[in-house]
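Notes to accompany the following structure.
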2 protein chains.
Amino acid sequence: MATHLGKALLKKGFSINQVYSQSIDNAFVLANELNAMPCNDVKFITDESDLYIVCIKDDFIEDIVKQFHFKNKLIVHTSGSIAMNVLADFDNYGIIYPLQTFSKEAEVNISEVPFCIEANNESAKNMLLDLAKLLSNNVYEIDSEQRKKIHLAAVFACNFSNYMYSISEDILKQNNIDFDILKPLILETAKKIQTNSPVKMQTGPAKRNDSEVIKNHLELLANSNHYQEIYKMMSEAISNSSGKP
Amino acid sequence: MATHLGKALLKKGFSINQVYSQSIDNAFVLANELNAMPCNDVKFITDESDLYIVCIKDDFIEDIVKQFHFKNKLIVHTSGSIAMNVLADFDNYGIIYPLQTFSKEAEVNISEVPFCIEANNESAKNMLLDLAKLLSNNVYEIDSEQRKKIHLAAVFACNFSNYMYSISEDILKQNNIDFDILKPLILETAKKIQTNSPVKMQTGPAKRNDSEVIKNHLELLANSNHYQEIYKMMSEAISNSSGKP
């Protein structure tokens with residue numbers, strides 16, 4: 001995410017002064033891309049920047065921000081699940097949470113990424129909103145409580161649906177069938193809910209209460225208790241929901 | 001699916017002679033769109049067509065094909081889960097299984113839909129392959145056993161991932177947050193696996209073994225045992241898979 005965010009800011013004319021990473025090699029790689037100075041120790045982070053973006057693993061955020069030797073600047077983190085008040089030692093702080101799945105391989109159109117913004121005071125909030133609106137057309141003011149809920153919902157929508165894809169790939173692989181055959185279906189399923197509620201788009205044997213097909217599928221999964229259990233739980237949930245999730 | 005398939009065939013210059021439906025009203029609607037004659041009784045289906053496409057609910061296929069008063073024509077069904085030999089009374093029979101989720105609301109680009117083809121003899125197979133290739137660039141020869149596995153995999157990839165979307169929508173709704181905020185993430189998750197294996201694209205707290213976030217998410221789901229159970233099962237499965245699904 002640091003890479004995508006850094007590049008997007010650079011593209012909009014901002015200069016990135018420093019890139020911190022625990023690993024100096026990683027810091028070098030990104031700093032090089034962003035025309036910035038690399039560093040691997042928080043004490044080398046200068047107080048000369050207007051904004052400090054803490055874009056690291058959730059577990060390290062609290063510890064890293066404690067090490068800043070100045071507290072009079074605007075600092076944000078980019079995590080979906082860490083509350084804003086972990087930054088409360090600073091005068092000005094907030095959140096820039098881009099709600100997207102980033103990987104180094106895939107280009108992301110940042111202008112379509114929803115940005116969730118929160119801050120501890122009006123001027124910080126306005127500054128972050130202005131910044132986010134330069135990058136994206138989808139900027140939301142979201143407080144820490146709501147952000148947690150969004151992050152939870154995103155785990156279902158992104159992480160768990162991706163896991164469903166990987167089970168389907170595995171089933172095909174076990175039967176020497178190319179995963180390519182499923183890709184248009186996966187894409188269409190995600191496209192359909194861009195304009196329709198997913199509850200209304202639900203299809204499949206569980207939705208139709210087609211117990212014969214469900215029984216056959218559970219038999220086909222006999223070599224994996226694990227997939228069988230997931231299939232059973234999901235089908236029961238879909239059957240019981242009858243129009244409601 | 002009958003609507004999409006019928007329209008695609010018409011567009012390619014085929015004429016549709018008759019449209020059967022149990023409900024004469026439904027038969028009329030589609031027949032009208034396809035310049036065909038409607039009927040609601042199998043005995044009115046004439047033996048004057050080159051191909052008969054049985055595109056109805058799985059449960060009715062066997063019963064309906066028994067009622068045909070001629071058996072010397074080429075007949076196919078379009079189901080993912082019903083074996084081909086339910087058509088074995090006919091001289092020539094096979095399968096045209098378009099692997100896509102169809103709904104009347106959404107336009108589908110049929111040329112990208114994977115078609116799974118099977119037949120009981122070479123000439124029938126070649127005829128069906130030629131037909132499918134006129135409609136789509138993704139035509140596969142798939143036998144009944146493989147087709148069952150593909151259908152099973154599609155339930156995970158399409159039906160279950162859609163259910164994950166609907167849970168995420170519900171969580172947001174309960175917290176007065178617009179589902180729109182999640183839509184770019186859902187689309188990107190499906191796009192990423194078009195060129196990368198989903199196993200490699202897996203992200204999220206379960207993948208990182210982030211037990212703190214998982215604990216918090218389970219607490220947020222305290223008002224729904226049902227979502228809690230799904231969250232728990234999926235997270236355990238992802239944690240245990242460590243690179244493998």
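Scheme for the structure tokens: letters A, B, ... for chains in order shown; per-chain residue numbers from 1; ligand numbers from 1 in order shown.
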Fill in: Expected answer as a PyMOL selection string: chain A residues within 7 Å of chain B, only C-alpha atoms
chain A and resi 99-101+113-114+149-150+152-168+170-172+181-187+189-191+194+198-199+202-204+217+234+245
Practice prompt. Identify, on the basis of only C-alpha atoms, every residue whose closest approach to range 65-75 of chain A does not exceed 10 Å; exclude the query and any residue fewer than 5 positions from it along the same chain; express the result as a VMD selection string.
Written response: chain A and resid 41 to 54 60 86 to 96 119 124 127 to 128
Practice prompt. Quick one: pick out all strand (DSSP E or B) residues within range 138-171 of chain B from a backbone DSSP run and write them as number ranges by chain.
Written response: B: 138-141
Worksheet item: Could you state the separation of CA of Cys39 in chain B and CA of Gln18 in chain B in Å, given to one decimal place?
Response: 7.1 Å
Worksheet item: Got a sec to tell me which of range 6-127 of chain B DSSP assigns to alpha helix (DSSP H), as number ranges by chain?
Response: B: 6-11, 24-33, 58-66, 122-127
